[in-house]
>>> print(open('model-v2.cif').read())   # mmCIF, C-alpha atoms
data_data
#
loop_
_atom_site.label_atom_id
_atom_site.label_comp_id
_atom_site.auth_asym_id
_atom_site.auth_seq_id
_atom_site.Cartn_x
_atom_site.Cartn_y
_atom_site.Cartn_z
CA MET Y 1 0.00 0.00 0.00
CA THR Y 2 1.38 3.40 -0.91
CA VAL Y 3 0.94 6.35 1.42
CA ALA Y 4 0.07 9.67 -0.21
CA SER Y 5 2.54 12.49 0.33
CA PRO Y 6 1.22 15.54 2.18
CA LEU Y 7 -0.84 17.78 -0.11
CA GLU Y 8 -0.18 15.49 -3.10
CA THR Y 9 -3.68 16.00 -4.51
CA GLU Y 10 -3.46 19.76 -4.05
CA LEU Y 11 -0.09 19.92 -5.85
CA ARG Y 12 -1.55 17.95 -8.77
CA VAL Y 13 -4.50 20.34 -8.97
CA PHE Y 14 -2.08 23.26 -8.98
CA GLU Y 15 0.03 21.77 -11.78
CA ASP Y 16 -3.10 20.96 -13.81
CA ASN Y 17 -4.13 24.62 -13.65
CA ARG Y 18 -0.77 26.39 -13.54
CA ARG Y 19 -0.68 27.40 -17.21
CA GLU Y 20 -4.15 28.97 -17.07
CA TRP Y 21 -3.52 30.74 -13.76
CA VAL Y 22 -0.21 32.19 -14.93
CA GLN Y 23 -2.16 33.99 -17.65
CA LEU Y 24 -4.86 35.19 -15.24
CA CYS Y 25 -3.00 36.21 -12.08
CA PRO Y 26 0.78 35.79 -12.12
CA GLY Y 27 2.47 36.31 -8.76
CA LYS Y 28 -0.70 35.89 -6.72
CA PHE Y 29 -1.38 33.23 -4.11
CA VAL Y 30 -3.92 30.45 -4.64
CA VAL Y 31 -5.44 28.25 -1.91
CA ILE Y 32 -6.30 24.59 -2.58
CA GLN Y 33 -7.71 21.88 -0.30
CA GLY Y 34 -8.30 18.51 -1.92
CA GLU Y 35 -9.88 19.29 -5.29
CA THR Y 36 -11.36 22.55 -4.01
CA VAL Y 37 -9.80 25.81 -5.17
CA LEU Y 38 -10.72 29.14 -3.60
CA LYS Y 39 -12.11 31.43 -6.29
CA GLU Y 40 -10.23 34.44 -5.00
CA PHE Y 41 -6.48 34.88 -5.50
CA PHE Y 42 -4.42 36.87 -2.99
CA ASP Y 43 -1.56 39.37 -3.08
CA GLU Y 44 -0.16 38.28 0.30
CA TYR Y 45 0.54 34.84 1.78
CA GLU Y 46 -1.04 35.80 5.13
CA ASP Y 47 -4.31 36.87 3.46
CA ALA Y 48 -4.41 33.56 1.57
CA PHE Y 49 -3.90 31.69 4.83
CA ARG Y 50 -6.70 33.54 6.63
CA ALA Y 51 -9.04 32.81 3.74
CA GLY Y 52 -8.04 29.14 3.87
CA ILE Y 53 -8.76 28.97 7.59
CA ARG Y 54 -12.17 30.58 7.09
CA ARG Y 55 -13.07 28.17 4.29
CA PHE Y 56 -11.48 24.90 5.41
CA GLY Y 57 -11.00 25.31 9.17
CA ALA Y 58 -7.85 24.69 11.17
CA ASP Y 59 -8.15 20.89 11.40
CA ARG Y 60 -6.54 20.06 8.06
CA ASN Y 61 -3.69 21.22 5.90
CA PHE Y 62 -4.25 23.14 2.69
CA LEU Y 63 -1.89 24.23 -0.06
CA ILE Y 64 -0.90 27.87 -0.58
CA LYS Y 65 1.10 28.40 -3.78
CA GLN Y 66 2.28 31.51 -5.55
CA VAL Y 67 1.48 31.35 -9.23
CA TRP Y 68 4.62 31.45 -11.36
CA LYS Y 69 5.35 29.99 -14.78
CA THR Y 70 8.49 28.36 -13.38
CA GLU Y 71 9.14 27.83 -9.70
CA PRO Y 72 11.58 30.42 -8.28
CA VAL Y 73 14.36 29.19 -6.00
CA TYR Y 74 15.19 31.39 -3.02
CA PHE Y 75 18.79 31.67 -1.83
CA VAL Y 76 19.60 31.46 1.87
CA ALA Y 77 23.11 32.43 2.98
CA MET I 1 7.17 51.56 20.36
CA VAL I 2 9.39 48.94 22.02
CA THR I 3 13.20 48.97 22.34
CA PHE I 4 15.06 45.77 23.15
CA THR I 5 18.84 45.42 23.45
CA LEU I 6 20.71 42.12 23.32
CA PRO I 7 24.43 41.36 23.65
CA TRP I 8 26.47 40.28 20.65
CA ASP I 9 30.24 40.05 20.27
CA PRO I 10 31.03 39.79 16.55
CA PHE I 11 34.75 39.86 17.35
CA ASP I 12 34.52 36.49 19.09
CA PRO I 13 34.93 33.88 16.31
CA THR I 14 33.05 31.30 18.41
CA ASP I 15 30.00 33.56 18.77
CA PRO I 16 27.16 32.10 16.65
CA GLY I 17 25.69 35.53 15.91
CA ALA I 18 23.06 37.85 17.37
CA CYS I 19 20.43 35.60 18.98
CA ILE I 20 17.07 36.16 20.66
CA LYS I 21 14.51 33.93 22.40
CA PHE I 22 11.37 33.17 20.44
CA SER I 23 8.31 30.94 20.52
CA VAL I 24 6.21 29.71 17.66
CA ALA I 25 2.56 28.64 17.85
CA ARG I 26 -0.49 28.07 15.74
CA TYR I 27 -2.34 30.96 14.16
CA VAL I 28 -3.47 33.26 16.99
CA ASP I 29 -7.20 33.26 16.16
CA ASP I 30 -7.13 29.46 16.12
CA ILE I 31 -5.68 29.37 19.65
CA GLU I 32 -8.13 31.96 20.94
CA TYR I 33 -11.05 29.98 19.53
CA GLY I 34 -9.69 26.77 21.07
CA LYS I 35 -9.43 28.39 24.50
CA HIS I 36 -12.96 29.75 24.08
CA ILE I 37 -14.36 26.23 23.70
CA GLY I 38 -12.31 24.90 26.60
CA LEU I 39 -9.22 23.46 24.94
CA GLU I 40 -5.89 23.78 26.71
CA PHE I 41 -2.74 24.85 24.94
CA PRO I 42 0.54 24.14 26.71
CA GLU I 43 3.12 26.90 26.77
CA PRO I 44 5.23 26.57 23.61
CA PRO I 45 8.99 25.99 23.93
CA ARG I 46 11.22 29.06 23.95
CA PRO I 47 14.34 28.19 21.96
CA THR I 48 16.95 30.57 20.62
CA THR I 49 16.90 32.05 17.13
CA LEU I 50 19.64 33.63 15.06
CA ILE I 51 19.07 37.01 13.44
CA ASP I 52 20.05 36.30 9.83
CA THR I 53 20.01 39.05 7.22
CA GLY I 54 21.14 36.48 4.63
CA SER I 55 17.82 34.65 4.63
CA PRO I 56 14.69 36.06 2.98
CA PHE I 57 12.53 33.77 5.14
CA THR I 58 12.29 32.60 8.73
CA ILE I 59 13.26 28.94 9.07
CA ILE I 60 12.72 26.77 12.15
CA ASN I 61 13.73 23.27 13.16
CA LYS I 62 11.31 20.78 11.62
CA VAL I 63 10.86 19.08 14.98
CA LEU I 64 9.58 22.35 16.41
CA ALA I 65 7.02 22.73 13.61
CA LYS I 66 5.67 19.24 14.31
CA THR I 67 5.69 19.76 18.09
CA CYS I 68 3.73 23.00 17.80
CA ASN I 69 1.25 21.41 15.38
CA LEU I 70 1.54 24.16 12.79
CA ILE I 71 -0.64 24.00 9.67
CA LEU I 72 1.28 22.75 6.62
CA THR I 73 0.76 24.91 3.51
CA ASN I 74 3.46 23.53 1.19
CA PRO I 75 5.47 20.31 1.56
CA ALA I 76 8.37 21.41 -0.68
CA PHE I 77 9.22 25.11 -0.68
CA PRO I 78 12.31 25.65 -2.90
CA ILE I 79 15.36 26.93 -1.01
CA ARG I 80 19.00 26.92 -2.17
CA THR I 81 21.97 27.22 0.20
CA LEU I 82 25.73 27.12 -0.35
CA ASN I 83 25.43 23.34 -0.04
CA GLY I 84 22.84 23.11 -2.81
CA ASP I 85 19.08 22.74 -3.07
CA CYS I 86 17.31 22.21 0.22
CA PRO I 87 13.51 22.04 -0.04
CA CYS I 88 11.77 23.14 3.15
CA GLU I 89 8.31 22.47 4.46
CA GLU I 90 6.18 25.61 4.65
CA TYR I 91 3.82 26.24 7.56
CA CYS I 92 1.75 29.16 8.81
CA GLY I 93 1.96 30.13 12.46
CA SER I 94 2.42 32.98 14.88
CA MET I 95 5.72 34.09 16.34
CA SER I 96 6.49 35.75 19.69
CA PHE I 97 9.65 37.02 21.34
CA PRO I 98 9.31 36.33 25.09
CA GLU I 99 10.83 38.71 27.62
CA SER I 100 11.66 41.24 24.89
CA GLY I 101 8.40 43.17 24.67
CA LEU I 102 8.60 42.96 20.89
CA PRO I 103 5.14 42.63 19.31
CA ARG I 104 3.84 39.21 18.38
CA ILE I 105 3.39 38.40 14.71
CA PRO I 106 -0.08 36.82 14.54
CA ALA I 107 0.27 34.97 11.23
CA MET I 108 3.25 34.47 8.97
CA ARG I 109 4.92 31.98 6.64
CA ILE I 110 7.37 29.80 8.57
CA LEU I 111 9.68 27.39 6.75
CA ALA I 112 10.99 24.25 8.46
CA ARG I 113 13.93 21.91 7.89
CA GLU I 114 16.37 19.76 9.83
CA PHE I 115 19.06 21.68 11.67
CA TYR I 116 21.88 19.16 11.52
CA LYS I 117 24.67 19.60 14.07
CA GLU I 118 23.43 23.09 14.98
CA SER I 119 23.24 23.38 18.75
CA SER I 120 23.33 27.15 19.21
CA TYR I 121 19.90 27.93 17.78
CA ALA I 122 16.70 26.25 16.56
CA CYS I 123 15.61 28.94 14.13
CA ILE I 124 16.87 31.69 11.88
CA ILE I 125 14.89 34.89 11.69
CA GLY I 126 14.94 36.13 8.12
CA ARG I 127 14.23 39.40 6.41
CA ASP I 128 10.49 38.66 6.45
CA VAL I 129 10.62 39.47 10.18
CA LEU I 130 13.53 41.90 10.15
CA LYS I 131 11.71 44.24 7.76
CA ARG I 132 9.30 44.97 10.63
CA TRP I 133 12.11 46.18 12.93
CA LYS I 134 14.73 48.91 13.03
CA ILE I 135 18.00 47.23 14.04
CA THR I 136 21.30 48.89 15.00
CA PHE I 137 24.63 47.39 16.05
CA ASP I 138 26.92 49.19 18.52
CA PRO I 139 30.46 47.76 18.21
CA ASP I 140 31.69 49.58 21.33
CA ALA I 141 28.93 48.26 23.55
CA LYS I 142 28.93 44.93 21.68
CA SER I 143 25.16 45.00 21.52
CA VAL I 144 22.29 44.95 19.05
CA THR I 145 19.25 47.13 19.59
CA ILE I 146 15.88 46.34 18.05
CA ILE I 147 13.13 48.95 17.83
CA ALA I 148 9.65 47.78 16.85
#
>>> encode(input="model-v2.cif", output="structure tokens")
Amino acid sequence: MTVASPLETELRVFEDNRREWVQLCPGKFVVIQGETVLKEFFDEYEDAFRAGIRRFGADRNFLIKQVWKTEPVYFVA
Amino acid sequence: MVTFTLPWDPFDPTDPGACIKFSVARYVDDIEYGKHIGLEFPEPPRPTTLIDTGSPFTIINKVLAKTCNLILTNPAFPIRTLNGDCPCEEYCGSMSFPESGLPRIPAMRILAREFYKESSYACIIGRDVLKRWKITFDPDAKSVTIIA
């Protein structure tokens, strides 16, 4: 039996929609829980989180991803 | 406005850097609601964190993120260090700075990874927190002052 990775479904939903969302709202944050995607996109991570809590509650994880064509890599020194 | 001064000797090569006590917890509104319905929340641990202008994000020990039951928002946030790529888990939580008087941050992105062989601190505070403070270093007094 294989165990699903955390937020595996949500990451698949994001990848399935990435191309479309890049056209619509590049740089904004999207919130996904299971197959459910919040209709609103957000400028700030914290606003996306609060919206996720309101919609999905605090009992389960949900994905917050910034919409980019290619994933940026952040350097930590 | 709050002013907090902490000692730091940058001329001591064994000094890990300017450090401050912190605690991390779930989103503040979540805790308040839990208390309202009778849940108990133990006091979170108060480890030491390094003030790190070289990091754009705040990163904590992964064990701490699990212990504090933070909400996972991304299992593989892309980070690169001098040692190469190092994906972190991304959580949302609140952050406090006990005994400093510095204001609590009610909700923020907190990255988490293993801190191998690092015994001096359990977290690095990145520019996402530092941008909220005015920080000065006094080499004569060997101290760092934070104004928030």
>>> residues_around(input="model-v2.cif", residues="Leu38 (chain Y)", least_positions_apart="2", cutoff="12 Å", atoms="all atoms listed in the file", output="count of residues only")
26
>>> interface_residues(input="model-v2.cif", of="chain I", to="chain Y", cutoff="8 Å", atoms="only C-alpha atoms", output="PyMOL selection string")
chain I and resi 30+54-56+71-75+78-82+92+107-109
>>> resolve_selection(input="model-v2.cif", expression="the PyMOL selection byres ((chain I and resi 25) around 7)", output="PyMOL selection string")
chain I and resi 23-24+26-27+44+68+70+93-95
>>> closest_residue(input="model-v2.cif", among="I:Gly126, I:Pro106, I:Pro139, I:Pro87", to="Lys62 (chain I)", atoms="all atoms listed in the file")
I:Pro87
>>> atom_distance(input="model-v2.cif", atom1="CA of Ile125 (chain I)", atom2="CA of Phe4 (chain I)")
15.8 Å
>>> atom_distance(input="model-v2.cif", atom1="CA of Cys123 (chain I)", atom2="CA of Gly27 (chain Y)")
27.4 Å
>>> closest_residue(input="model-v2.cif", among="I:Ile60, I:Ala18, I:Ile37, I:Val144", to="Ala122 (chain I)", atoms="all atoms listed in the file")
I:Ile60
>>> resolve_selection(input="model-v2.cif", expression="the PyMOL selection byres ((chain Y and resi 22) around 12)", output="list in words")
Phe14, Glu15, Asp16, Asn17, Arg18, Arg19, Glu20, Trp21, Gln23, Leu24, Cys25, Pro26, Gly27, Lys28, Phe29, Val30, Phe41, Lys65, Gln66, Val67, Trp68, Lys69, Thr70 and Glu71 of chain Y
>>> atom_distance(input="model-v2.cif", atom1="CA of Thr49 (chain I)", atom2="CA of Met1 (chain I)")
22.0 Å
>>> residues_near_point(input="model-v2.cif", point="(15.0, 26.5, 12.2)", cutoff="9 Å", atoms="all atoms listed in the file", output="ChimeraX atom specification")
/I:49-50,58-65,111-115,121-125
